[in-house]
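Below is upload.csv, holding CSV, N, CA and C atoms and all ligand atoms.
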```csv
chain,number,residue,atom,x,y,z
A,1,MET,N,-14.6,-12.7,-26.1
A,1,MET,CA,-14.1,-11.5,-25.7
A,1,MET,C,-14.1,-11.3,-24.1
A,2,HIS,N,-13.0,-11.5,-23.4
A,2,HIS,CA,-13.1,-11.6,-22.0
A,2,HIS,C,-13.2,-10.2,-21.3
A,3,GLU,N,-12.9,-9.2,-22.1
A,3,GLU,CA,-13.0,-7.8,-21.6
A,3,GLU,C,-14.5,-7.5,-21.1
A,4,MET,N,-15.4,-8.2,-21.7
A,4,MET,CA,-16.8,-8.0,-21.3
A,4,MET,C,-17.0,-8.5,-19.9
A,5,SER,N,-16.5,-9.6,-19.5
A,5,SER,CA,-16.7,-10.2,-18.2
A,5,SER,C,-15.8,-9.4,-17.2
A,6,ILE,N,-14.7,-9.0,-17.6
A,6,ILE,CA,-13.8,-8.2,-16.7
A,6,ILE,C,-14.5,-6.9,-16.4
A,7,THR,N,-15.1,-6.2,-17.4
A,7,THR,CA,-15.8,-5.0,-17.2
A,7,THR,C,-17.0,-5.1,-16.3
A,8,GLN,N,-17.7,-6.2,-16.5
A,8,GLN,CA,-18.8,-6.5,-15.6
A,8,GLN,C,-18.4,-6.7,-14.1
A,9,GLY,N,-17.2,-7.3,-14.0
A,9,GLY,CA,-16.7,-7.5,-12.6
A,9,GLY,C,-16.3,-6.1,-12.0
A,10,ILE,N,-15.7,-5.3,-12.8
A,10,ILE,CA,-15.4,-3.9,-12.3
A,10,ILE,C,-16.7,-3.2,-11.9
A,11,ILE,N,-17.7,-3.3,-12.7
A,11,ILE,CA,-18.9,-2.5,-12.4
A,11,ILE,C,-19.6,-3.1,-11.2
A,12,GLU,N,-19.6,-4.4,-11.0
A,12,GLU,CA,-20.2,-5.0,-9.8
A,12,GLU,C,-19.5,-4.5,-8.5
A,13,LEU,N,-18.1,-4.5,-8.6
A,13,LEU,CA,-17.3,-4.1,-7.5
A,13,LEU,C,-17.6,-2.7,-7.1
A,14,CYS,N,-17.7,-1.8,-8.1
A,14,CYS,CA,-18.0,-0.4,-7.9
A,14,CYS,C,-19.4,-0.2,-7.2
A,15,LEU,N,-20.3,-0.9,-7.7
A,15,LEU,CA,-21.7,-0.8,-7.2
A,15,LEU,C,-21.8,-1.2,-5.7
A,16,GLN,N,-21.0,-2.3,-5.4
A,16,GLN,CA,-21.0,-2.8,-4.0
A,16,GLN,C,-20.4,-1.7,-3.1
A,17,HIS,N,-19.3,-1.0,-3.6
A,17,HIS,CA,-18.7,0.0,-2.8
A,17,HIS,C,-19.4,1.3,-2.7
A,18,ALA,N,-20.2,1.6,-3.7
A,18,ALA,CA,-20.9,2.9,-3.8
A,18,ALA,C,-22.1,2.9,-2.8
A,19,GLY,N,-22.6,1.8,-2.4
A,19,GLY,CA,-23.7,1.8,-1.5
A,19,GLY,C,-24.9,2.6,-2.0
A,20,GLY,N,-25.3,2.5,-3.3
A,20,GLY,CA,-26.4,3.1,-3.8
A,20,GLY,C,-26.2,4.6,-4.3
A,21,ARG,N,-25.0,5.1,-4.1
A,21,ARG,CA,-24.8,6.5,-4.6
A,21,ARG,C,-24.3,6.4,-6.0
A,22,ARG,N,-24.4,7.5,-6.7
A,22,ARG,CA,-24.0,7.6,-8.1
A,22,ARG,C,-22.5,7.7,-8.1
A,23,ILE,N,-21.9,7.0,-9.0
A,23,ILE,CA,-20.4,7.0,-9.2
A,23,ILE,C,-20.0,8.0,-10.2
A,24,MET,N,-19.1,8.9,-9.8
A,24,MET,CA,-18.7,10.0,-10.7
A,24,MET,C,-17.5,9.6,-11.6
A,25,SER,N,-16.5,8.9,-10.9
A,25,SER,CA,-15.4,8.4,-11.7
A,25,SER,C,-14.8,7.2,-11.0
A,26,LEU,N,-14.0,6.4,-11.8
A,26,LEU,CA,-13.3,5.3,-11.2
A,26,LEU,C,-12.0,5.2,-11.9
A,27,GLY,N,-11.0,4.8,-11.1
A,27,GLY,CA,-9.6,4.5,-11.6
A,27,GLY,C,-9.4,3.1,-11.7
A,28,VAL,N,-8.8,2.7,-12.8
A,28,VAL,CA,-8.5,1.2,-13.0
A,28,VAL,C,-7.0,1.1,-13.5
A,29,GLU,N,-6.3,0.2,-12.9
A,29,GLU,CA,-4.9,0.0,-13.4
A,29,GLU,C,-4.9,-1.3,-14.2
A,30,ILE,N,-4.3,-1.2,-15.4
A,30,ILE,CA,-4.1,-2.3,-16.3
A,30,ILE,C,-2.7,-2.5,-16.6
A,31,GLY,N,-2.1,-3.6,-16.2
A,31,GLY,CA,-0.7,-3.8,-16.5
A,31,GLY,C,-0.5,-4.1,-18.0
A,32,GLU,N,0.7,-3.7,-18.5
A,32,GLU,CA,0.9,-3.9,-19.9
A,32,GLU,C,1.2,-5.3,-20.3
A,33,LEU,N,1.5,-6.1,-19.3
A,33,LEU,CA,1.7,-7.6,-19.5
A,33,LEU,C,0.4,-8.4,-19.4
A,34,SER,N,-0.6,-7.8,-18.9
A,34,SER,CA,-1.9,-8.5,-18.9
A,34,SER,C,-2.4,-8.5,-20.3
A,35,SER,N,-3.3,-9.4,-20.5
A,35,SER,CA,-3.9,-9.5,-21.9
A,35,SER,C,-5.1,-8.6,-22.1
A,36,VAL,N,-5.3,-7.7,-21.1
A,36,VAL,CA,-6.5,-6.9,-21.2
A,36,VAL,C,-6.2,-5.7,-22.1
A,37,VAL,N,-7.1,-5.4,-23.0
A,37,VAL,CA,-7.0,-4.3,-23.9
A,37,VAL,C,-7.8,-3.1,-23.4
A,38,PRO,N,-7.1,-2.0,-23.0
A,38,PRO,CA,-7.8,-0.9,-22.4
A,38,PRO,C,-8.9,-0.3,-23.3
A,39,GLU,N,-8.7,-0.2,-24.6
A,39,GLU,CA,-9.7,0.3,-25.5
A,39,GLU,C,-11.0,-0.6,-25.4
A,40,ALA,N,-10.8,-1.9,-25.3
A,40,ALA,CA,-12.0,-2.8,-25.2
A,40,ALA,C,-12.7,-2.6,-23.9
A,41,ILE,N,-11.9,-2.3,-22.8
A,41,ILE,CA,-12.6,-2.1,-21.5
A,41,ILE,C,-13.4,-0.8,-21.6
A,42,GLU,N,-12.9,0.2,-22.2
A,42,GLU,CA,-13.6,1.5,-22.4
A,42,GLU,C,-14.9,1.3,-23.1
A,43,PHE,N,-14.8,0.5,-24.2
A,43,PHE,CA,-15.9,0.2,-25.0
A,43,PHE,C,-17.0,-0.6,-24.3
A,44,CYS,N,-16.6,-1.6,-23.6
A,44,CYS,CA,-17.5,-2.4,-22.8
A,44,CYS,C,-18.1,-1.6,-21.6
A,45,PHE,N,-17.3,-0.8,-21.1
A,45,PHE,CA,-17.8,0.0,-19.9
A,45,PHE,C,-19.0,0.9,-20.3
A,46,GLU,N,-18.9,1.5,-21.5
A,46,GLU,CA,-20.0,2.4,-22.0
A,46,GLU,C,-21.2,1.6,-22.1
A,47,ALA,N,-21.1,0.4,-22.7
A,47,ALA,CA,-22.3,-0.5,-22.9
A,47,ALA,C,-22.8,-1.0,-21.6
A,48,CYS,N,-21.9,-1.5,-20.7
A,48,CYS,CA,-22.3,-2.2,-19.5
A,48,CYS,C,-22.8,-1.2,-18.4
A,49,SER,N,-22.4,0.0,-18.4
A,49,SER,CA,-22.7,0.9,-17.3
A,49,SER,C,-24.1,1.6,-17.6
A,50,ARG,N,-24.6,1.5,-18.8
A,50,ARG,CA,-25.9,2.1,-19.1
A,50,ARG,C,-27.0,1.6,-18.2
A,51,ASP,N,-27.8,2.6,-17.7
A,51,ASP,CA,-28.9,2.3,-16.8
A,51,ASP,C,-28.4,1.8,-15.4
A,52,THR,N,-27.2,2.1,-15.1
A,52,THR,CA,-26.7,1.7,-13.7
A,52,THR,C,-26.2,3.0,-13.1
A,53,LEU,N,-25.8,3.0,-11.8
A,53,LEU,CA,-25.3,4.2,-11.1
A,53,LEU,C,-24.0,4.6,-11.6
A,54,LEU,N,-23.4,3.8,-12.6
A,54,LEU,CA,-22.1,4.2,-13.2
A,54,LEU,C,-22.3,4.9,-14.5
A,55,GLU,N,-23.5,5.0,-14.9
A,55,GLU,CA,-23.7,5.6,-16.3
A,55,GLU,C,-23.1,7.0,-16.3
A,56,GLY,N,-22.3,7.3,-17.3
A,56,GLY,CA,-21.7,8.6,-17.4
A,56,GLY,C,-20.5,8.8,-16.6
A,57,ALA,N,-20.1,7.8,-15.8
A,57,ALA,CA,-18.9,8.0,-14.9
A,57,ALA,C,-17.7,8.0,-15.8
A,58,GLN,N,-16.7,8.8,-15.3
A,58,GLN,CA,-15.4,8.9,-16.0
A,58,GLN,C,-14.5,7.7,-15.7
A,59,LEU,N,-14.1,7.0,-16.7
A,59,LEU,CA,-13.2,5.8,-16.5
A,59,LEU,C,-11.8,6.2,-16.8
A,60,ILE,N,-11.0,6.2,-15.7
A,60,ILE,CA,-9.6,6.6,-15.8
A,60,ILE,C,-8.7,5.4,-15.8
A,61,ILE,N,-8.1,5.0,-16.9
A,61,ILE,CA,-7.2,3.8,-17.0
A,61,ILE,C,-5.8,4.2,-16.9
A,62,THR,N,-5.1,3.6,-16.0
A,62,THR,CA,-3.6,3.8,-15.9
A,62,THR,C,-2.9,2.5,-16.3
A,63,ARG,N,-2.0,2.7,-17.2
A,63,ARG,CA,-1.2,1.5,-17.6
A,63,ARG,C,0.0,1.3,-16.8
A,64,ILE,N,0.3,0.1,-16.3
A,64,ILE,CA,1.4,-0.2,-15.5
A,64,ILE,C,2.4,-0.9,-16.4
A,65,PRO,N,3.6,-0.3,-16.6
A,65,PRO,CA,4.6,-1.0,-17.4
A,65,PRO,C,5.1,-2.3,-16.8
A,66,GLY,N,5.6,-3.2,-17.6
A,66,GLY,CA,6.1,-4.5,-17.1
A,66,GLY,C,7.5,-4.3,-16.4
A,67,LEU,N,7.6,-4.9,-15.3
A,67,LEU,CA,8.9,-4.9,-14.6
A,67,LEU,C,9.2,-6.2,-14.0
A,68,GLY,N,10.5,-6.7,-14.2
A,68,GLY,CA,10.9,-8.0,-13.7
A,68,GLY,C,12.1,-7.9,-12.8
A,69,LEU,N,12.3,-8.9,-12.0
A,69,LEU,CA,13.5,-9.0,-11.2
A,69,LEU,C,14.3,-10.2,-11.6
A,70,CYS,N,15.5,-10.0,-12.1
A,70,CYS,CA,16.3,-11.1,-12.6
A,70,CYS,C,16.7,-12.0,-11.5
A,71,GLN,N,16.5,-13.3,-11.6
A,71,GLN,CA,16.9,-14.3,-10.6
A,71,GLN,C,18.3,-14.7,-10.7
A,72,GLU,N,19.0,-14.3,-11.8
A,72,GLU,CA,20.4,-14.6,-11.9
A,72,GLU,C,21.3,-13.5,-11.4
A,73,CYS,N,21.1,-12.3,-11.9
A,73,CYS,CA,22.0,-11.2,-11.5
A,73,CYS,C,21.3,-10.2,-10.5
A,74,GLY,N,20.1,-10.3,-10.3
A,74,GLY,CA,19.4,-9.5,-9.3
A,74,GLY,C,19.0,-8.1,-9.8
A,75,ALA,N,19.1,-7.9,-11.1
A,75,ALA,CA,18.8,-6.6,-11.6
A,75,ALA,C,17.3,-6.5,-11.8
A,76,GLU,N,16.8,-5.2,-11.7
A,76,GLU,CA,15.4,-5.0,-12.2
A,76,GLU,C,15.5,-4.7,-13.7
A,77,THR,N,14.6,-5.3,-14.4
A,77,THR,CA,14.6,-5.1,-15.8
A,77,THR,C,13.2,-4.8,-16.4
A,78,PRO,N,13.1,-3.9,-17.3
A,78,PRO,CA,11.8,-3.6,-17.9
A,78,PRO,C,11.4,-4.8,-18.8
A,79,LEU,N,10.1,-5.1,-18.7
A,79,LEU,CA,9.7,-6.3,-19.5
A,79,LEU,C,8.7,-5.8,-20.6
A,80,ALA,N,9.0,-6.0,-21.8
A,80,ALA,CA,8.1,-5.7,-22.9
A,80,ALA,C,7.0,-6.7,-23.1
A,81,ASP,N,7.4,-8.0,-22.7
A,81,ASP,CA,6.4,-9.0,-22.8
A,81,ASP,C,6.7,-10.0,-21.6
A,82,LEU,N,5.8,-11.0,-21.5
A,82,LEU,CA,5.8,-11.9,-20.4
A,82,LEU,C,7.1,-12.8,-20.4
A,83,PHE,N,7.7,-13.0,-21.5
A,83,PHE,CA,8.9,-13.9,-21.6
A,83,PHE,C,10.2,-13.2,-22.0
A,84,ALA,N,10.2,-11.9,-21.7
A,84,ALA,CA,11.4,-11.1,-22.0
A,84,ALA,C,12.5,-11.5,-21.1
A,85,PRO,N,13.7,-11.5,-21.7
A,85,PRO,CA,14.9,-11.9,-20.8
A,85,PRO,C,15.4,-10.6,-20.1
A,86,CYS,N,16.3,-10.8,-19.1
A,86,CYS,CA,16.9,-9.7,-18.4
A,86,CYS,C,17.7,-8.9,-19.4
A,87,ASN,N,17.6,-7.6,-19.3
A,87,ASN,CA,18.3,-6.8,-20.3
A,87,ASN,C,19.8,-6.5,-19.9
A,88,LEU,N,20.1,-7.0,-18.7
A,88,LEU,CA,21.5,-6.9,-18.3
A,88,LEU,C,22.4,-8.1,-18.6
A,89,CYS,N,21.8,-9.3,-18.2
A,89,CYS,CA,22.6,-10.5,-18.4
A,89,CYS,C,22.0,-11.5,-19.4
A,90,GLY,N,20.8,-11.2,-19.8
A,90,GLY,CA,20.2,-12.0,-20.9
A,90,GLY,C,19.5,-13.3,-20.3
A,91,SER,N,19.5,-13.4,-19.0
A,91,SER,CA,18.8,-14.6,-18.4
A,91,SER,C,17.3,-14.6,-18.6
A,92,CYS,N,16.8,-15.8,-18.7
A,92,CYS,CA,15.3,-15.9,-18.8
A,92,CYS,C,14.6,-16.1,-17.5
A,93,HIS,N,15.5,-16.3,-16.4
A,93,HIS,CA,14.9,-16.5,-15.1
A,93,HIS,C,14.5,-15.1,-14.5
A,94,VAL,N,13.4,-14.6,-15.0
A,94,VAL,CA,13.0,-13.2,-14.5
A,94,VAL,C,11.7,-13.4,-13.9
A,95,LYS,N,11.6,-12.9,-12.6
A,95,LYS,CA,10.3,-12.9,-11.9
A,95,LYS,C,9.6,-11.6,-12.2
A,96,ILE,N,8.3,-11.7,-12.6
A,96,ILE,CA,7.6,-10.6,-12.9
A,96,ILE,C,7.1,-9.9,-11.6
A,97,VAL,N,7.4,-8.6,-11.4
A,97,VAL,CA,7.0,-7.9,-10.2
A,97,VAL,C,6.0,-6.8,-10.5
A,98,ALA,N,5.8,-6.4,-11.7
A,98,ALA,CA,4.7,-5.5,-12.1
A,98,ALA,C,4.4,-5.7,-13.5
A,99,GLY,N,3.1,-5.3,-13.8
A,99,GLY,CA,2.7,-5.3,-15.2
A,99,GLY,C,1.6,-6.3,-15.5
A,100,GLU,N,1.2,-7.1,-14.4
A,100,GLU,CA,0.1,-8.0,-14.6
A,100,GLU,C,-1.2,-7.6,-13.9
A,101,GLU,N,-1.1,-6.3,-13.4
A,101,GLU,CA,-2.3,-5.8,-12.7
A,101,GLU,C,-3.5,-5.7,-13.5
A,102,MET,N,-4.6,-5.9,-12.8
A,102,MET,CA,-5.9,-5.5,-13.4
A,102,MET,C,-6.8,-5.3,-12.2
A,103,ARG,N,-6.9,-4.0,-11.8
A,103,ARG,CA,-7.6,-3.7,-10.5
A,103,ARG,C,-8.2,-2.3,-10.5
A,104,VAL,N,-9.2,-2.2,-9.7
A,104,VAL,CA,-9.8,-0.9,-9.5
A,104,VAL,C,-9.1,-0.3,-8.3
A,105,THR,N,-8.6,0.9,-8.6
A,105,THR,CA,-7.7,1.6,-7.5
A,105,THR,C,-8.5,2.7,-6.8
A,106,GLU,N,-9.5,3.3,-7.4
A,106,GLU,CA,-10.3,4.3,-6.7
A,106,GLU,C,-11.6,4.5,-7.3
A,107,ILE,N,-12.6,4.9,-6.5
A,107,ILE,CA,-13.9,5.1,-6.9
A,107,ILE,C,-14.4,6.4,-6.3
A,108,GLU,N,-14.9,7.3,-7.1
A,108,GLU,CA,-15.4,8.6,-6.5
A,108,GLU,C,-16.9,8.6,-6.7
A,109,VAL,N,-17.5,8.7,-5.5
A,109,VAL,CA,-19.0,8.8,-5.5
A,109,VAL,C,-19.5,10.2,-5.3
A,110,GLU,N,-20.8,10.4,-5.7
A,110,GLU,CA,-21.4,11.6,-5.4
A,110,GLU,C,-21.7,11.8,-4.0
A,111,ASP,N,-21.5,13.0,-3.5
A,111,ASP,CA,-21.8,13.3,-2.0
A,111,ASP,C,-23.3,13.2,-1.7
B,201,ZN,ZN,20.0,-10.6,-15.2
```
Turn this file's structure into structure tokens for me.
Amino acid sequence: MHEMSITQGIIELCLQHAGGRRIMSLGVEIGELSSVVPEAIEFCFEACSRDTLLEGAQLIITRIPGLGLCQECGAETPLADLFAPCNLCGSCHVKIVAGEEMRVTEIEVED
């Protein structure tokens, strides 16, 4: 289950940035094309944040829809999965421009 190591990475990153202060909330972006399951992150976060400065912090997960740029016709196309074709011309030469994110976007610490 790789969500556990991802969550631990998120927690370590937050602790580094918080400089010893308690963390109230954190925002995380998870692309819909990434293999990360948000529910699993939430579950792991509860377990991993216990007895740390993140305990009880609000975890705000934002999902980023998949978006591709067709290399044939130049159109932007929504991507339901990593190998989805262009919805305009049907080409499979689609460059992924969004949807693979997995990052911490903001951290709110106690004053
Ligand atoms: Zn196209």
Looking at all atoms listed in the file, which of A:Asp81, A:Glu101, A:Glu76, A:Glu108 is the one that sits closest to ligand ZN 201 (chain B)?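 Closest to ligand ZN 201 (chain B), using all atoms listed in the file: A:Glu76.
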Within 6.5 Å of ligand ZN 201 (chain B): each chain A residue with its shortest pair, all atoms listed in the file, as a Markdown table:
```
| residue | atom | partner | partner_atom | distance |
| --- | --- | --- | --- | --- |
| A:Cys70 | CA | B:ZN201 | ZN | 4.5 |
| A:Gln71 | N | B:ZN201 | ZN | 5.7 |
| A:Glu72 | C | B:ZN201 | ZN | 5.0 |
| A:Cys73 | N | B:ZN201 | ZN | 3.9 |
| A:Gly74 | N | B:ZN201 | ZN | 4.9 |
| A:Ala75 | N | B:ZN201 | ZN | 5.0 |
| A:Cys86 | CA | B:ZN201 | ZN | 4.5 |
| A:Asn87 | N | B:ZN201 | ZN | 5.6 |
| A:Leu88 | C | B:ZN201 | ZN | 4.9 |
| A:Cys89 | N | B:ZN201 | ZN | 3.7 |
| A:Gly90 | N | B:ZN201 | ZN | 4.7 |
| A:Ser91 | N | B:ZN201 | ZN | 4.7 |
```
From a backbone DSSP assignment, name each residue in chain A labelled strand (DSSP E), as a PDB file with N, CA and C atoms, keeping the file's coordinate frame.
```pdb
ATOM      1  N   ILE A  23     -21.900   7.000  -9.000  1.00  0.00           N
ATOM      2  CA  ILE A  23     -20.400   7.000  -9.200  1.00  0.00           C
ATOM      3  C   ILE A  23     -20.000   8.000 -10.200  1.00  0.00           C
ATOM      4  N   MET A  24     -19.100   8.900  -9.800  1.00  0.00           N
ATOM      5  CA  MET A  24     -18.700  10.000 -10.700  1.00  0.00           C
ATOM      6  C   MET A  24     -17.500   9.600 -11.600  1.00  0.00           C
ATOM      7  N   SER A  25     -16.500   8.900 -10.900  1.00  0.00           N
ATOM      8  CA  SER A  25     -15.400   8.400 -11.700  1.00  0.00           C
ATOM      9  C   SER A  25     -14.800   7.200 -11.000  1.00  0.00           C
ATOM     10  N   LEU A  26     -14.000   6.400 -11.800  1.00  0.00           N
ATOM     11  CA  LEU A  26     -13.300   5.300 -11.200  1.00  0.00           C
ATOM     12  C   LEU A  26     -12.000   5.200 -11.900  1.00  0.00           C
ATOM     13  N   GLY A  27     -11.000   4.800 -11.100  1.00  0.00           N
ATOM     14  CA  GLY A  27      -9.600   4.500 -11.600  1.00  0.00           C
ATOM     15  C   GLY A  27      -9.400   3.100 -11.700  1.00  0.00           C
ATOM     16  N   VAL A  28      -8.800   2.700 -12.800  1.00  0.00           N
ATOM     17  CA  VAL A  28      -8.500   1.200 -13.000  1.00  0.00           C
ATOM     18  C   VAL A  28      -7.000   1.100 -13.500  1.00  0.00           C
ATOM     19  N   GLU A  29      -6.300   0.200 -12.900  1.00  0.00           N
ATOM     20  CA  GLU A  29      -4.900   0.000 -13.400  1.00  0.00           C
ATOM     21  C   GLU A  29      -4.900  -1.300 -14.200  1.00  0.00           C
ATOM     22  N   ILE A  30      -4.300  -1.200 -15.400  1.00  0.00           N
ATOM     23  CA  ILE A  30      -4.100  -2.300 -16.300  1.00  0.00           C
ATOM     24  C   ILE A  30      -2.700  -2.500 -16.600  1.00  0.00           C
ATOM     25  N   GLY A  31      -2.100  -3.600 -16.200  1.00  0.00           N
ATOM     26  CA  GLY A  31      -0.700  -3.800 -16.500  1.00  0.00           C
ATOM     27  C   GLY A  31      -0.500  -4.100 -18.000  1.00  0.00           C
ATOM     28  N   GLN A  58     -16.700   8.800 -15.300  1.00  0.00           N
ATOM     29  CA  GLN A  58     -15.400   8.900 -16.000  1.00  0.00           C
ATOM     30  C   GLN A  58     -14.500   7.700 -15.700  1.00  0.00           C
ATOM     31  N   LEU A  59     -14.100   7.000 -16.700  1.00  0.00           N
ATOM     32  CA  LEU A  59     -13.200   5.800 -16.500  1.00  0.00           C
ATOM     33  C   LEU A  59     -11.800   6.200 -16.800  1.00  0.00           C
ATOM     34  N   ILE A  60     -11.000   6.200 -15.700  1.00  0.00           N
ATOM     35  CA  ILE A  60      -9.600   6.600 -15.800  1.00  0.00           C
ATOM     36  C   ILE A  60      -8.700   5.400 -15.800  1.00  0.00           C
ATOM     37  N   ILE A  61      -8.100   5.000 -16.900  1.00  0.00           N
ATOM     38  CA  ILE A  61      -7.200   3.800 -17.000  1.00  0.00           C
ATOM     39  C   ILE A  61      -5.800   4.200 -16.900  1.00  0.00           C
ATOM     40  N   THR A  62      -5.100   3.600 -16.000  1.00  0.00           N
ATOM     41  CA  THR A  62      -3.600   3.800 -15.900  1.00  0.00           C
ATOM     42  C   THR A  62      -2.900   2.500 -16.300  1.00  0.00           C
ATOM     43  N   ARG A  63      -2.000   2.700 -17.200  1.00  0.00           N
ATOM     44  CA  ARG A  63      -1.200   1.500 -17.600  1.00  0.00           C
ATOM     45  C   ARG A  63       0.000   1.300 -16.800  1.00  0.00           C
ATOM     46  N   ILE A  64       0.300   0.100 -16.300  1.00  0.00           N
ATOM     47  CA  ILE A  64       1.400  -0.200 -15.500  1.00  0.00           C
ATOM     48  C   ILE A  64       2.400  -0.900 -16.400  1.00  0.00           C
ATOM     49  N   GLY A  66       5.600  -3.200 -17.600  1.00  0.00           N
ATOM     50  CA  GLY A  66       6.100  -4.500 -17.100  1.00  0.00           C
ATOM     51  C   GLY A  66       7.500  -4.300 -16.400  1.00  0.00           C
ATOM     52  N   LEU A  67       7.600  -4.900 -15.300  1.00  0.00           N
ATOM     53  CA  LEU A  67       8.900  -4.900 -14.600  1.00  0.00           C
ATOM     54  C   LEU A  67       9.200  -6.200 -14.000  1.00  0.00           C
ATOM     55  N   GLY A  68      10.500  -6.700 -14.200  1.00  0.00           N
ATOM     56  CA  GLY A  68      10.900  -8.000 -13.700  1.00  0.00           C
ATOM     57  C   GLY A  68      12.100  -7.900 -12.800  1.00  0.00           C
ATOM     58  N   LEU A  69      12.300  -8.900 -12.000  1.00  0.00           N
ATOM     59  CA  LEU A  69      13.500  -9.000 -11.200  1.00  0.00           C
ATOM     60  C   LEU A  69      14.300 -10.200 -11.600  1.00  0.00           C
ATOM     61  N   CYS A  70      15.500 -10.000 -12.100  1.00  0.00           N
ATOM     62  CA  CYS A  70      16.300 -11.100 -12.600  1.00  0.00           C
ATOM     63  C   CYS A  70      16.700 -12.000 -11.500  1.00  0.00           C
ATOM     64  N   GLU A  76      16.800  -5.200 -11.700  1.00  0.00           N
ATOM     65  CA  GLU A  76      15.400  -5.000 -12.200  1.00  0.00           C
ATOM     66  C   GLU A  76      15.500  -4.700 -13.700  1.00  0.00           C
ATOM     67  N   THR A  77      14.600  -5.300 -14.400  1.00  0.00           N
ATOM     68  CA  THR A  77      14.600  -5.100 -15.800  1.00  0.00           C
ATOM     69  C   THR A  77      13.200  -4.800 -16.400  1.00  0.00           C
ATOM     70  N   PRO A  78      13.100  -3.900 -17.300  1.00  0.00           N
ATOM     71  CA  PRO A  78      11.800  -3.600 -17.900  1.00  0.00           C
ATOM     72  C   PRO A  78      11.400  -4.800 -18.800  1.00  0.00           C
ATOM     73  N   LEU A  79      10.100  -5.100 -18.700  1.00  0.00           N
ATOM     74  CA  LEU A  79       9.700  -6.300 -19.500  1.00  0.00           C
ATOM     75  C   LEU A  79       8.700  -5.800 -20.600  1.00  0.00           C
ATOM     76  N   VAL A  94      13.400 -14.600 -15.000  1.00  0.00           N
ATOM     77  CA  VAL A  94      13.000 -13.200 -14.500  1.00  0.00           C
ATOM     78  C   VAL A  94      11.700 -13.400 -13.900  1.00  0.00           C
ATOM     79  N   LYS A  95      11.600 -12.900 -12.600  1.00  0.00           N
ATOM     80  CA  LYS A  95      10.300 -12.900 -11.900  1.00  0.00           C
ATOM     81  C   LYS A  95       9.600 -11.600 -12.200  1.00  0.00           C
ATOM     82  N   ILE A  96       8.300 -11.700 -12.600  1.00  0.00           N
ATOM     83  CA  ILE A  96       7.600 -10.600 -12.900  1.00  0.00           C
ATOM     84  C   ILE A  96       7.100  -9.900 -11.600  1.00  0.00           C
ATOM     85  N   VAL A  97       7.400  -8.600 -11.400  1.00  0.00           N
ATOM     86  CA  VAL A  97       7.000  -7.900 -10.200  1.00  0.00           C
ATOM     87  C   VAL A  97       6.000  -6.800 -10.500  1.00  0.00           C
ATOM     88  N   ALA A  98       5.800  -6.400 -11.700  1.00  0.00           N
ATOM     89  CA  ALA A  98       4.700  -5.500 -12.100  1.00  0.00           C
ATOM     90  C   ALA A  98       4.400  -5.700 -13.500  1.00  0.00           C
ATOM     91  N   MET A 102      -4.600  -5.900 -12.800  1.00  0.00           N
ATOM     92  CA  MET A 102      -5.900  -5.500 -13.400  1.00  0.00           C
ATOM     93  C   MET A 102      -6.800  -5.300 -12.200  1.00  0.00           C
ATOM     94  N   ARG A 103      -6.900  -4.000 -11.800  1.00  0.00           N
ATOM     95  CA  ARG A 103      -7.600  -3.700 -10.500  1.00  0.00           C
ATOM     96  C   ARG A 103      -8.200  -2.300 -10.500  1.00  0.00           C
ATOM     97  N   VAL A 104      -9.200  -2.200  -9.700  1.00  0.00           N
ATOM     98  CA  VAL A 104      -9.800  -0.900  -9.500  1.00  0.00           C
ATOM     99  C   VAL A 104      -9.100  -0.300  -8.300  1.00  0.00           C
ATOM    100  N   THR A 105      -8.600   0.900  -8.600  1.00  0.00           N
ATOM    101  CA  THR A 105      -7.700   1.600  -7.500  1.00  0.00           C
ATOM    102  C   THR A 105      -8.500   2.700  -6.800  1.00  0.00           C
ATOM    103  N   GLU A 106      -9.500   3.300  -7.400  1.00  0.00           N
ATOM    104  CA  GLU A 106     -10.300   4.300  -6.700  1.00  0.00           C
ATOM    105  C   GLU A 106     -11.600   4.500  -7.300  1.00  0.00           C
ATOM    106  N   ILE A 107     -12.600   4.900  -6.500  1.00  0.00           N
ATOM    107  CA  ILE A 107     -13.900   5.100  -6.900  1.00  0.00           C
ATOM    108  C   ILE A 107     -14.400   6.400  -6.300  1.00  0.00           C
ATOM    109  N   GLU A 108     -14.900   7.300  -7.100  1.00  0.00           N
ATOM    110  CA  GLU A 108     -15.400   8.600  -6.500  1.00  0.00           C
ATOM    111  C   GLU A 108     -16.900   8.600  -6.700  1.00  0.00           C
ATOM    112  N   VAL A 109     -17.500   8.700  -5.500  1.00  0.00           N
ATOM    113  CA  VAL A 109     -19.000   8.800  -5.500  1.00  0.00           C
ATOM    114  C   VAL A 109     -19.500  10.200  -5.300  1.00  0.00           C
TER     115      VAL A 109
END
```
Find the residues near range 34-42 of chain A: any atom within 8 Å, counting all atoms listed in the file, skip ones fewer than 4 places away on the same chain, and give them as a ChimeraX atom specification. /A:2-4,6-7,30,46-48,59,61,64,66,82,98-102
Nearest to Glu55 in chain A among A:Glu32, A:Ala84, A:Met24, A:Leu79, with distances taken over all atoms listed in the file: which residue is it?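 Going through A:Glu32, A:Ala84, A:Met24, A:Leu79 one by one, the smallest distance to Glu55 in chain A is for A:Met24.
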Measure the distance from atom N of Gly19 in chain A to atom C of Gly31 in chain A in Å and round it to one decimal. 27.7 Å
